[in-house]
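Visitor: What follows is structure_5.txt, compact mmCIF, C-alpha atoms and all ligand atoms.
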```
# COMPACT_ATOMS: atom_id res chain seq x y z
CA MET A 1 -13.44 -67.03 -46.71
CA LEU A 2 -13.86 -65.26 -43.36
CA GLN A 3 -15.10 -67.46 -40.51
CA ARG A 4 -18.15 -66.22 -38.64
CA PRO A 5 -17.47 -65.72 -34.90
CA ILE A 6 -19.05 -68.45 -32.74
CA PHE A 7 -20.48 -68.01 -29.23
CA ARG A 8 -19.78 -71.08 -27.09
CA ILE A 9 -20.85 -72.29 -23.67
CA ASP A 10 -19.89 -75.42 -21.77
CA GLN A 11 -21.14 -77.10 -18.63
CA ALA A 12 -18.14 -76.08 -16.50
CA GLN A 13 -18.72 -72.42 -17.38
CA PHE A 14 -22.42 -72.61 -16.55
CA ASP A 15 -21.75 -74.43 -13.26
CA ARG A 16 -19.03 -71.95 -12.24
CA LEU A 17 -21.33 -68.97 -12.88
CA GLN A 18 -24.17 -70.68 -11.05
CA ARG A 19 -21.95 -71.24 -7.99
CA GLN A 20 -21.07 -67.53 -8.03
CA SER A 21 -24.65 -66.34 -8.57
CA CYS A 22 -25.58 -65.99 -4.90
CA ALA A 23 -22.19 -64.68 -3.70
CA PRO A 24 -22.49 -60.88 -4.19
CA ASP A 25 -23.22 -58.88 -0.99
CA ARG A 26 -24.98 -55.56 -0.31
CA GLN A 27 -21.79 -53.63 -1.01
CA ALA A 28 -21.51 -55.18 -4.47
CA VAL A 29 -25.14 -54.26 -5.20
CA LEU A 30 -24.61 -50.65 -4.05
CA GLN A 31 -21.51 -50.45 -6.23
CA ALA A 32 -23.46 -51.80 -9.23
CA LEU A 33 -26.26 -49.30 -8.68
CA SER A 34 -23.80 -46.39 -8.59
CA SER A 35 -21.85 -47.50 -11.66
CA ALA A 36 -22.27 -45.32 -14.76
CA LYS A 37 -21.47 -48.29 -17.00
CA PRO A 38 -22.25 -51.59 -15.23
CA ASP A 39 -20.13 -54.59 -16.24
CA PHE A 40 -20.79 -58.33 -15.87
CA THR A 41 -19.72 -58.27 -12.20
CA ASP A 42 -22.30 -55.53 -11.60
CA LEU A 43 -24.96 -57.52 -13.46
CA GLN A 44 -24.18 -60.54 -11.30
CA ALA A 45 -24.70 -58.39 -8.21
CA LEU A 46 -28.00 -56.97 -9.51
CA LEU A 47 -29.27 -60.50 -10.20
CA SER A 48 -28.20 -61.85 -6.80
CA PRO A 49 -30.39 -62.42 -3.73
CA ALA A 50 -28.63 -59.46 -2.07
CA ALA A 51 -30.21 -57.11 -4.62
CA ALA A 52 -33.77 -58.07 -3.66
CA GLU A 53 -33.98 -55.39 -0.94
CA PHE A 54 -33.00 -52.75 -3.53
CA LEU A 55 -35.82 -53.55 -5.91
CA PRO A 56 -37.50 -50.09 -5.62
CA GLN A 57 -34.19 -48.36 -6.47
CA MET A 58 -33.57 -50.78 -9.35
CA LEU A 59 -37.05 -50.18 -10.76
CA ALA A 60 -36.59 -46.40 -10.54
CA ARG A 61 -33.20 -46.58 -12.29
CA ALA A 62 -34.42 -48.95 -15.03
CA THR A 63 -37.52 -46.81 -15.62
CA GLN A 64 -35.39 -43.69 -15.93
CA LEU A 65 -33.12 -45.41 -18.47
CA LYS A 66 -36.08 -46.66 -20.49
CA ARG A 67 -37.61 -43.19 -20.62
CA GLN A 68 -34.30 -41.58 -21.60
CA ARG A 69 -34.01 -43.96 -24.55
CA SER A 70 -37.61 -44.49 -25.66
CA GLY A 71 -39.64 -41.77 -23.98
CA LEU A 72 -43.12 -42.29 -22.60
CA THR A 73 -44.09 -44.81 -25.27
CA LEU A 74 -44.91 -48.49 -25.61
CA SER A 75 -45.03 -50.38 -28.91
CA LEU A 76 -47.93 -52.86 -29.30
CA PHE A 77 -47.85 -55.99 -31.45
CA ALA A 78 -49.74 -59.28 -31.77
CA PRO A 79 -48.55 -62.82 -32.47
CA LEU A 80 -50.04 -64.56 -35.50
CA TYR A 81 -49.70 -68.32 -35.05
CA LEU A 82 -49.33 -69.85 -38.51
CA SER A 83 -48.88 -73.47 -37.48
CA ASN A 84 -48.74 -75.75 -34.46
CA LEU A 85 -47.00 -78.57 -36.36
CA CYS A 86 -43.72 -79.44 -34.69
CA SER A 87 -41.18 -82.21 -35.16
CA ASN A 88 -39.45 -81.56 -31.83
CA GLU A 89 -40.02 -82.89 -28.35
CA CYS A 90 -39.75 -80.11 -25.76
CA SER A 91 -40.82 -81.20 -22.29
CA TYR A 92 -42.61 -77.91 -21.54
CA CYS A 93 -44.56 -77.17 -24.75
CA GLY A 94 -48.10 -78.01 -25.86
CA PHE A 95 -46.95 -78.16 -29.49
CA SER A 96 -44.48 -81.05 -28.86
CA ARG A 97 -44.84 -83.82 -31.45
CA SER A 98 -46.08 -86.38 -28.92
CA VAL A 99 -48.82 -84.18 -27.44
CA ALA A 100 -52.23 -85.24 -28.67
CA VAL A 101 -53.60 -81.93 -29.94
CA LYS A 102 -55.27 -81.19 -33.24
CA ARG A 103 -52.63 -79.94 -35.68
CA ARG A 104 -53.21 -77.09 -38.04
CA ILE A 105 -51.21 -75.09 -40.56
CA LEU A 106 -52.75 -71.98 -42.08
CA THR A 107 -52.99 -71.34 -45.79
CA VAL A 108 -52.07 -67.93 -47.17
CA ASP A 109 -55.77 -67.02 -47.40
CA GLU A 110 -56.38 -68.05 -43.79
CA ALA A 111 -53.34 -66.04 -42.65
CA LEU A 112 -54.67 -63.00 -44.51
CA GLN A 113 -58.01 -63.41 -42.69
CA GLU A 114 -56.19 -63.62 -39.37
CA THR A 115 -54.22 -60.48 -40.26
CA ALA A 116 -57.42 -58.62 -41.06
CA ALA A 117 -58.91 -59.71 -37.72
CA ILE A 118 -55.80 -58.47 -35.87
CA GLN A 119 -55.86 -55.19 -37.75
CA ALA A 120 -59.50 -54.75 -36.75
CA LEU A 121 -58.16 -54.70 -33.18
CA GLY A 122 -55.94 -51.76 -34.16
CA ILE A 123 -52.64 -53.64 -34.42
CA SER A 124 -50.39 -53.51 -37.48
CA GLN A 125 -47.17 -55.03 -36.09
CA LEU A 126 -47.23 -58.83 -36.36
CA LEU A 127 -45.05 -61.57 -34.96
CA LEU A 128 -45.42 -64.66 -37.16
CA VAL A 129 -45.08 -67.77 -35.00
CA THR A 130 -44.72 -71.38 -36.09
CA GLY A 131 -43.91 -74.65 -34.43
CA GLU A 132 -40.64 -76.05 -35.76
CA HIS A 133 -41.45 -78.24 -38.75
CA GLU A 134 -38.82 -78.01 -41.46
CA ARG A 135 -40.76 -79.99 -44.07
CA LYS A 136 -44.25 -78.46 -43.77
CA ALA A 137 -43.38 -75.02 -42.38
CA GLY A 138 -39.91 -74.57 -43.88
CA VAL A 139 -38.42 -71.55 -45.56
CA ASP A 140 -40.60 -71.81 -48.69
CA TYR A 141 -43.75 -71.66 -46.55
CA LEU A 142 -42.34 -68.76 -44.52
CA LEU A 143 -41.38 -66.89 -47.68
CA ALA A 144 -44.86 -67.32 -49.15
CA MET A 145 -46.40 -66.00 -45.94
CA THR A 146 -43.99 -63.07 -45.76
CA GLN A 147 -44.65 -62.05 -49.35
CA ALA A 148 -48.43 -62.21 -48.85
CA LEU A 149 -48.60 -60.46 -45.48
CA ARG A 150 -45.85 -57.83 -45.77
CA PRO A 151 -47.89 -55.36 -47.86
CA GLN A 152 -50.73 -55.55 -45.32
CA VAL A 153 -48.85 -54.54 -42.15
CA ALA A 154 -46.41 -51.97 -40.78
CA LYS A 155 -43.93 -54.45 -39.31
CA LEU A 156 -43.40 -58.19 -39.71
CA MET A 157 -41.41 -60.22 -37.20
CA LEU A 158 -40.72 -63.96 -37.23
CA GLU A 159 -40.41 -66.66 -34.58
CA SER A 160 -39.76 -70.04 -36.21
CA GLN A 161 -37.15 -72.79 -36.23
CA PRO A 162 -33.54 -71.54 -36.54
CA LEU A 163 -32.57 -71.17 -40.21
CA ALA A 164 -29.43 -70.84 -42.33
CA VAL A 165 -27.95 -67.45 -43.23
CA ARG A 166 -29.16 -67.72 -46.84
CA ASP A 167 -32.73 -68.42 -45.61
CA TYR A 168 -32.67 -65.37 -43.36
CA GLN A 169 -31.33 -63.30 -46.27
CA GLN A 170 -34.27 -64.36 -48.45
CA LEU A 171 -36.72 -63.58 -45.67
CA ARG A 172 -35.14 -60.16 -45.11
CA VAL A 173 -35.56 -59.29 -48.77
CA ALA A 174 -39.15 -60.59 -48.71
CA GLY A 175 -39.96 -58.29 -45.80
CA ILE A 176 -39.07 -59.74 -42.40
CA ASP A 177 -37.98 -56.86 -40.15
CA ALA A 178 -37.05 -58.80 -37.03
CA VAL A 179 -36.38 -62.39 -35.91
CA MET A 180 -37.08 -63.74 -32.43
CA LEU A 181 -35.03 -66.73 -31.22
CA TYR A 182 -35.35 -68.29 -27.79
CA GLN A 183 -32.30 -70.19 -26.58
CA GLU A 184 -34.57 -71.61 -23.80
CA THR A 185 -31.57 -72.24 -21.50
CA TYR A 186 -27.77 -71.91 -21.58
CA ASP A 187 -27.33 -74.87 -19.22
CA PRO A 188 -26.21 -77.77 -21.49
CA GLN A 189 -27.49 -80.46 -19.10
CA SER A 190 -30.88 -78.85 -18.69
CA TYR A 191 -31.06 -78.19 -22.44
CA ALA A 192 -30.46 -81.88 -23.18
CA ARG A 193 -33.02 -82.94 -20.53
CA HIS A 194 -35.79 -80.74 -21.94
CA HIS A 195 -35.13 -81.20 -25.69
CA THR A 196 -35.15 -84.90 -26.30
CA PHE A 197 -36.08 -85.32 -29.97
CA GLY A 198 -35.74 -83.46 -33.26
CA ALA A 199 -33.45 -80.77 -34.66
CA LYS A 200 -33.85 -78.65 -31.55
CA ALA A 201 -31.82 -81.19 -29.58
CA ASP A 202 -28.73 -79.72 -31.29
CA MET A 203 -27.92 -76.98 -28.77
CA ALA A 204 -24.87 -75.65 -30.63
CA TYR A 205 -26.88 -75.04 -33.81
CA ARG A 206 -29.45 -73.05 -31.87
CA LEU A 207 -26.79 -71.11 -29.98
CA ASP A 208 -25.32 -69.98 -33.28
CA ALA A 209 -28.69 -68.93 -34.77
CA PRO A 210 -28.65 -65.27 -33.54
CA ALA A 211 -25.29 -64.79 -35.29
CA ARG A 212 -26.79 -66.19 -38.50
CA VAL A 213 -29.65 -63.66 -38.25
CA ALA A 214 -27.09 -60.88 -37.75
CA ALA A 215 -24.94 -62.11 -40.63
CA ALA A 216 -28.02 -62.04 -42.89
CA GLY A 217 -28.42 -58.32 -42.22
CA ILE A 218 -31.77 -58.45 -40.44
CA ALA A 219 -32.19 -55.19 -38.56
CA GLN A 220 -33.63 -56.42 -35.26
CA LEU A 221 -32.89 -59.54 -33.24
CA GLY A 222 -35.00 -60.81 -30.38
CA MET A 223 -33.46 -63.13 -27.82
CA GLY A 224 -34.65 -64.85 -24.69
CA VAL A 225 -34.60 -67.80 -22.33
CA LEU A 226 -37.51 -69.71 -20.83
CA LEU A 227 -37.25 -68.95 -17.12
CA GLY A 228 -37.68 -72.05 -15.00
CA LEU A 229 -35.71 -74.58 -17.06
CA ALA A 230 -32.44 -73.93 -15.20
CA ASP A 231 -30.98 -71.49 -12.68
CA TRP A 232 -32.52 -68.21 -13.83
CA ARG A 233 -29.72 -65.97 -12.54
CA THR A 234 -27.13 -67.85 -14.58
CA ASP A 235 -29.34 -68.07 -17.65
CA VAL A 236 -29.91 -64.31 -17.64
CA LEU A 237 -26.21 -63.61 -17.10
CA LEU A 238 -25.27 -65.83 -20.05
CA LEU A 239 -27.96 -64.26 -22.21
CA ALA A 240 -26.31 -60.90 -21.46
CA GLN A 241 -22.89 -62.32 -22.39
CA HIS A 242 -24.32 -63.70 -25.63
CA LEU A 243 -25.81 -60.32 -26.40
CA ARG A 244 -22.54 -58.45 -25.76
CA PHE A 245 -20.75 -60.96 -28.00
CA LEU A 246 -23.20 -60.20 -30.82
CA GLN A 247 -22.94 -56.44 -30.26
CA GLN A 248 -19.16 -56.63 -30.56
CA HIS A 249 -19.44 -58.20 -34.00
CA TRP A 250 -22.65 -56.63 -35.35
CA TYR A 251 -22.81 -53.17 -33.77
CA GLN A 252 -25.68 -52.00 -36.00
CA LEU A 253 -28.11 -54.67 -34.76
CA ALA A 254 -31.05 -53.60 -32.56
CA PHE A 255 -31.89 -55.98 -29.71
CA THR A 256 -35.14 -57.02 -28.07
CA VAL A 257 -35.21 -59.36 -25.08
CA ALA A 258 -38.23 -61.35 -23.90
CA LEU A 259 -38.02 -63.63 -20.87
CA PRO A 260 -41.15 -65.75 -20.55
CA ARG A 261 -41.68 -67.91 -17.47
CA LEU A 262 -42.59 -71.58 -17.70
CA LYS A 263 -46.38 -72.02 -17.61
CA PRO A 264 -48.90 -74.86 -17.78
CA CYS A 265 -49.69 -76.12 -21.30
CA ALA A 266 -51.38 -79.10 -22.97
CA GLY A 267 -49.72 -82.23 -21.61
CA GLN A 268 -48.08 -80.29 -18.73
CA SER A 269 -50.94 -78.83 -16.74
CA THR A 270 -49.06 -78.19 -13.49
CA GLN A 271 -45.58 -77.01 -14.52
CA GLN A 272 -44.44 -73.71 -12.98
CA SER A 273 -41.29 -71.63 -13.33
CA GLY A 274 -40.47 -71.11 -9.66
CA VAL A 275 -39.62 -67.51 -10.60
CA SER A 276 -41.76 -65.16 -8.50
CA ASP A 277 -43.08 -61.81 -9.73
CA ARG A 278 -40.46 -60.10 -7.55
CA ASP A 279 -37.65 -62.23 -9.03
CA TYR A 280 -38.98 -61.48 -12.50
CA LEU A 281 -39.08 -57.74 -11.88
CA GLN A 282 -35.58 -57.86 -10.41
CA LEU A 283 -34.05 -59.66 -13.38
CA LEU A 284 -35.76 -57.40 -15.93
CA CYS A 285 -34.53 -54.29 -14.07
CA ALA A 286 -31.03 -55.77 -13.75
CA LEU A 287 -30.85 -56.37 -17.51
CA LYS A 288 -32.14 -52.90 -18.36
CA ILE A 289 -29.60 -51.26 -16.03
CA PHE A 290 -26.81 -53.37 -17.52
CA ALA A 291 -27.82 -52.74 -21.15
CA PRO A 292 -30.07 -49.65 -21.45
CA GLU A 293 -30.10 -49.97 -25.25
CA LEU A 294 -32.08 -53.23 -24.95
CA SER A 295 -35.76 -53.17 -25.73
CA LEU A 296 -37.63 -55.31 -23.17
CA SER A 297 -40.74 -57.05 -24.47
CA VAL A 298 -43.56 -58.41 -22.32
CA SER A 299 -46.11 -61.03 -23.34
CA THR A 300 -49.68 -61.77 -22.27
CA ARG A 301 -48.40 -64.71 -20.18
CA ASP A 302 -48.15 -62.31 -17.24
CA SER A 303 -50.99 -61.07 -15.04
CA PRO A 304 -52.72 -57.76 -15.83
CA GLN A 305 -51.40 -56.25 -12.57
CA LEU A 306 -47.79 -57.11 -13.31
CA ARG A 307 -48.13 -56.09 -16.95
CA ASP A 308 -49.56 -52.71 -15.98
CA LEU A 309 -46.44 -52.10 -13.88
CA LEU A 310 -44.01 -53.31 -16.56
CA LEU A 311 -45.74 -51.62 -19.49
CA THR A 312 -45.75 -48.24 -17.77
CA SER A 313 -42.15 -48.43 -16.51
CA ILE A 314 -39.37 -50.48 -18.16
CA ALA A 315 -40.90 -52.30 -21.15
CA CYS A 316 -40.54 -50.98 -24.71
CA SER A 317 -42.96 -53.36 -26.41
CA ALA A 318 -45.77 -55.74 -25.49
CA SER A 319 -48.15 -58.14 -27.15
CA ALA A 320 -51.85 -57.45 -26.70
CA GLY A 321 -55.06 -59.32 -27.46
CA SER A 322 -52.95 -62.43 -28.18
CA LYS A 323 -54.28 -65.77 -29.37
CA THR A 324 -51.66 -68.51 -29.18
CA GLN A 325 -53.17 -70.98 -31.63
CA PRO A 326 -53.35 -71.07 -35.44
CA GLY A 327 -56.61 -69.48 -36.52
CA GLY A 328 -57.19 -68.07 -33.05
CA TYR A 329 -58.38 -64.63 -34.16
CA THR A 330 -61.03 -66.04 -36.45
CA VAL A 331 -62.27 -69.55 -35.71
CA ALA A 332 -60.00 -71.95 -33.79
CA PRO A 333 -60.92 -73.20 -30.31
CA GLN A 334 -58.68 -72.30 -27.36
CA SER A 335 -57.70 -75.98 -26.94
CA LEU A 336 -55.04 -75.62 -29.65
CA ALA A 337 -53.16 -72.94 -27.67
CA GLN A 338 -49.39 -73.22 -27.08
CA PHE A 339 -49.64 -71.92 -23.51
CA SER A 340 -52.19 -70.28 -21.24
CA ILE A 341 -52.66 -66.52 -21.23
CA ASP A 342 -53.15 -64.37 -18.14
CA ASP A 343 -53.89 -60.97 -19.64
CA GLU A 344 -56.94 -61.31 -21.89
CA ARG A 345 -57.63 -57.59 -22.23
CA SER A 346 -58.09 -56.22 -25.74
CA PRO A 347 -55.51 -53.91 -27.33
CA ALA A 348 -57.98 -51.02 -26.85
CA GLU A 349 -58.16 -51.75 -23.11
CA ILE A 350 -54.35 -51.92 -22.89
CA ALA A 351 -54.06 -48.64 -24.81
CA ALA A 352 -56.56 -46.95 -22.48
CA MET A 353 -54.60 -48.16 -19.44
CA LEU A 354 -51.38 -46.79 -20.98
CA ARG A 355 -52.92 -43.40 -21.71
CA ARG A 356 -54.25 -43.13 -18.14
CA SER A 357 -50.65 -43.61 -16.98
CA GLY A 358 -49.27 -41.00 -19.37
CA ILE A 359 -47.77 -43.54 -21.79
CA GLN A 360 -48.41 -43.25 -25.51
CA PRO A 361 -49.30 -46.53 -27.23
CA VAL A 362 -47.36 -46.93 -30.49
CA TRP A 363 -49.25 -48.88 -33.14
CA GLN A 364 -46.43 -48.74 -35.69
CA ASP A 365 -42.77 -47.81 -35.17
CA TRP A 366 -42.03 -46.90 -38.74
CA HIS A 367 -44.13 -46.03 -41.77
CA PRO A 368 -43.68 -48.48 -44.66
CA LEU A 369 -43.70 -45.57 -47.15
CA LEU A 370 -40.42 -44.36 -45.62
CA GLY A 371 -38.69 -47.56 -46.74
CA ARG A 372 -36.89 -50.26 -44.79
CA SER A 373 -33.28 -50.00 -43.70
CA SER A 374 -32.85 -53.77 -43.68
CA VAL A 375 -33.53 -54.41 -47.39
S1 LIG B 401 -41.07 -75.05 -27.94
FE1 LIG B 401 -41.03 -74.78 -30.15
S2 LIG B 401 -39.79 -76.48 -30.88
FE2 LIG B 401 -40.43 -77.02 -28.83
S3 LIG B 401 -42.29 -78.23 -29.10
FE3 LIG B 401 -42.89 -76.08 -28.80
S4 LIG B 401 -43.10 -75.25 -30.85
FE4 LIG B 401 -41.92 -77.15 -31.02
```
How does the structure come out when it is put into structure tokens?
Guide:
Amino acid sequence: MLQRPIFRIDQAQFDRLQRQSCAPDRQAVLQALSSAKPDFTDLQALLSPAAAEFLPQMLARATQLKRQRSGLTLSLFAPLYLSNLCSNECSYCGFSRSVAVKRRILTVDEALQETAAIQALGISQLLLVTGEHERKAGVDYLLAMTQALRPQVAKLMLESQPLAVRDYQQLRVAGIDAVMLYQETYDPQSYARHHTFGAKADMAYRLDAPARVAAAGIAQLGMGVLLGLADWRTDVLLLAQHLRFLQQHWYQLAFTVALPRLKPCAGQSTQQSGVSDRDYLQLLCALKIFAPELSLSVSTRDSPQLRDLLLTSIACSASAGSKTQPGGYTVAPQSLAQFSIDDERSPAEIAAMLRRSGIQPVWQDWHPLLGRSSV
């Protein structure tokens, strides 16, 4: 039997890259900006402090690349939180098992009501989100939800606990079009410090999860880190290396990247990422210049001002009108939310903003009647 390729990272590698992260000078940045095909050395330069003064040029280049690939469009989706049950302890998350919040897991009927409420907002591309609870929100629950919701919507994406290849295969057949997996951080020490209990404490299993999604034949893979857990320059560089590794082995896979910043949540009301809006813009532009084929996704965690800039320049997709708690579109109180939201505008308001800027909002990428390539 053929062995699946494994992506590995160790502390010495992370520390070495972190030591190098501030070394590039202006010359290295200029070279990276003039390169037709930037490599990892160029990406390191674009992520470095020396690149900060070139932010306008980086934004212009990244915007041009986005428009060459995806035109003047932006795809809109909404998260549907199915459950806030979680058996893990993550220092930064309001769903952690020890946080005293009311727990809820939606039934199929409740999820259908939520879907109808989201569709009433004009959105037909859903990201199903669960806390990580293998027993109560395991693959059987996810399959039941997928089978019930798939006929109702144009696209169904999933963000749940990492699963086995055979589980992802079943979900693909049932109708999951894309899987989103956050590594959180590539720094082993930081990973261990922030994930202290439950299956998520196994960093190697999580690191291998994107390859399991790819091996299951799912068409689109979303990846990301949580900015603020470790050195962001090194985390973004290693995310790019992970992505290139996957592309080398599964060339047909489409990639989305989302890079949320640490925010206050239940139990952690003051935590911040330490990543400024300028840093954030710089790292997103650097990634887009390095890998133009990437689709950058932006969530409602960011401010309306910053989102307006990102959504009309380098982003390919964005959530809109999001509620980050199970039942949030119909009845649940905000107190169950996973994290606080900055952009509370409705999808219609986002769409109007896009149109004023000459960007076409895309409510569905692909018509279900045309079939699915991933089945
Ligand atoms: S980040 Fe995910 S795994 Fe960790 S506590 Fe929150 S929901 Fe659970």
Visitor: At a cut-off of 6 Å, using only C-alpha atoms, what residues contact Phe290 of chain A? Leave out same-chain residues fewer than 2 positions from it and give the result as a PyMOL selection string.
Guide: chain A and resi 38+287-288
Visitor: For the residues selected in the previous step, produce a file with C-alpha atoms as a JSON list (two decimals), keeping the file's coordinate frame.
Guide:
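Result file part.json:
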```json
[["chain", "number", "residue", "atom", "x", "y", "z"],
["A", 38, "PRO", "CA", -22.25, -51.59, -15.23],
["A", 287, "LEU", "CA", -30.85, -56.37, -17.51],
["A", 288, "LYS", "CA", -32.14, -52.90, -18.36]]
```
Visitor: Which neighbours of Lys263 of chain A fall inside 7 Å, counting all atoms listed in the file, when residues of the same chain fewer than 2 positions from it are skipped, and could you give them as a ChimeraX atom specification?
Guide: /A:261,265,271-273,339
Visitor: Around ligand LIG 401 (chain B), which protein and nucleic acid residues have at least one atom no more than 6 Å from it, if we count all atoms listed in the file? List them as a PDB file with C-alpha atoms, in the frame of the given file.
Guide:
```pdb
ATOM      1  CA  CYS A  86     -43.720 -79.440 -34.690  1.00  0.00           C
ATOM      2  CA  ASN A  88     -39.450 -81.560 -31.830  1.00  0.00           C
ATOM      3  CA  GLU A  89     -40.020 -82.890 -28.350  1.00  0.00           C
ATOM      4  CA  CYS A  90     -39.750 -80.110 -25.760  1.00  0.00           C
ATOM      5  CA  CYS A  93     -44.560 -77.170 -24.750  1.00  0.00           C
ATOM      6  CA  PHE A  95     -46.950 -78.160 -29.490  1.00  0.00           C
ATOM      7  CA  SER A  96     -44.480 -81.050 -28.860  1.00  0.00           C
ATOM      8  CA  GLY A 131     -43.910 -74.650 -34.430  1.00  0.00           C
ATOM      9  CA  GLU A 132     -40.640 -76.050 -35.760  1.00  0.00           C
TER      10      GLU A 132
END
```
Visitor: Excluding same-chain residues fewer than 5 positions from Ile289 of chain A, what lies within 8 Å of it counting all atoms listed in the file, as number ranges by chain?
Guide: A: 38, 58, 61-62, 65
Visitor: Given the choices A:Asp279, A:Trp232, A:Ala100, A:Ser322, which gets closest to Leu128 of chain A if the distance is worked out from only C-alpha atoms?
Guide: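 Closest to Leu128 of chain A of all the choices is A:Ser322.
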Visitor: Counting all atoms listed in the file, which of A:Ala219, A:Cys316, A:Ala291, A:Met145 gets nearest to Lys37 of chain A?
Guide: A:Ala291
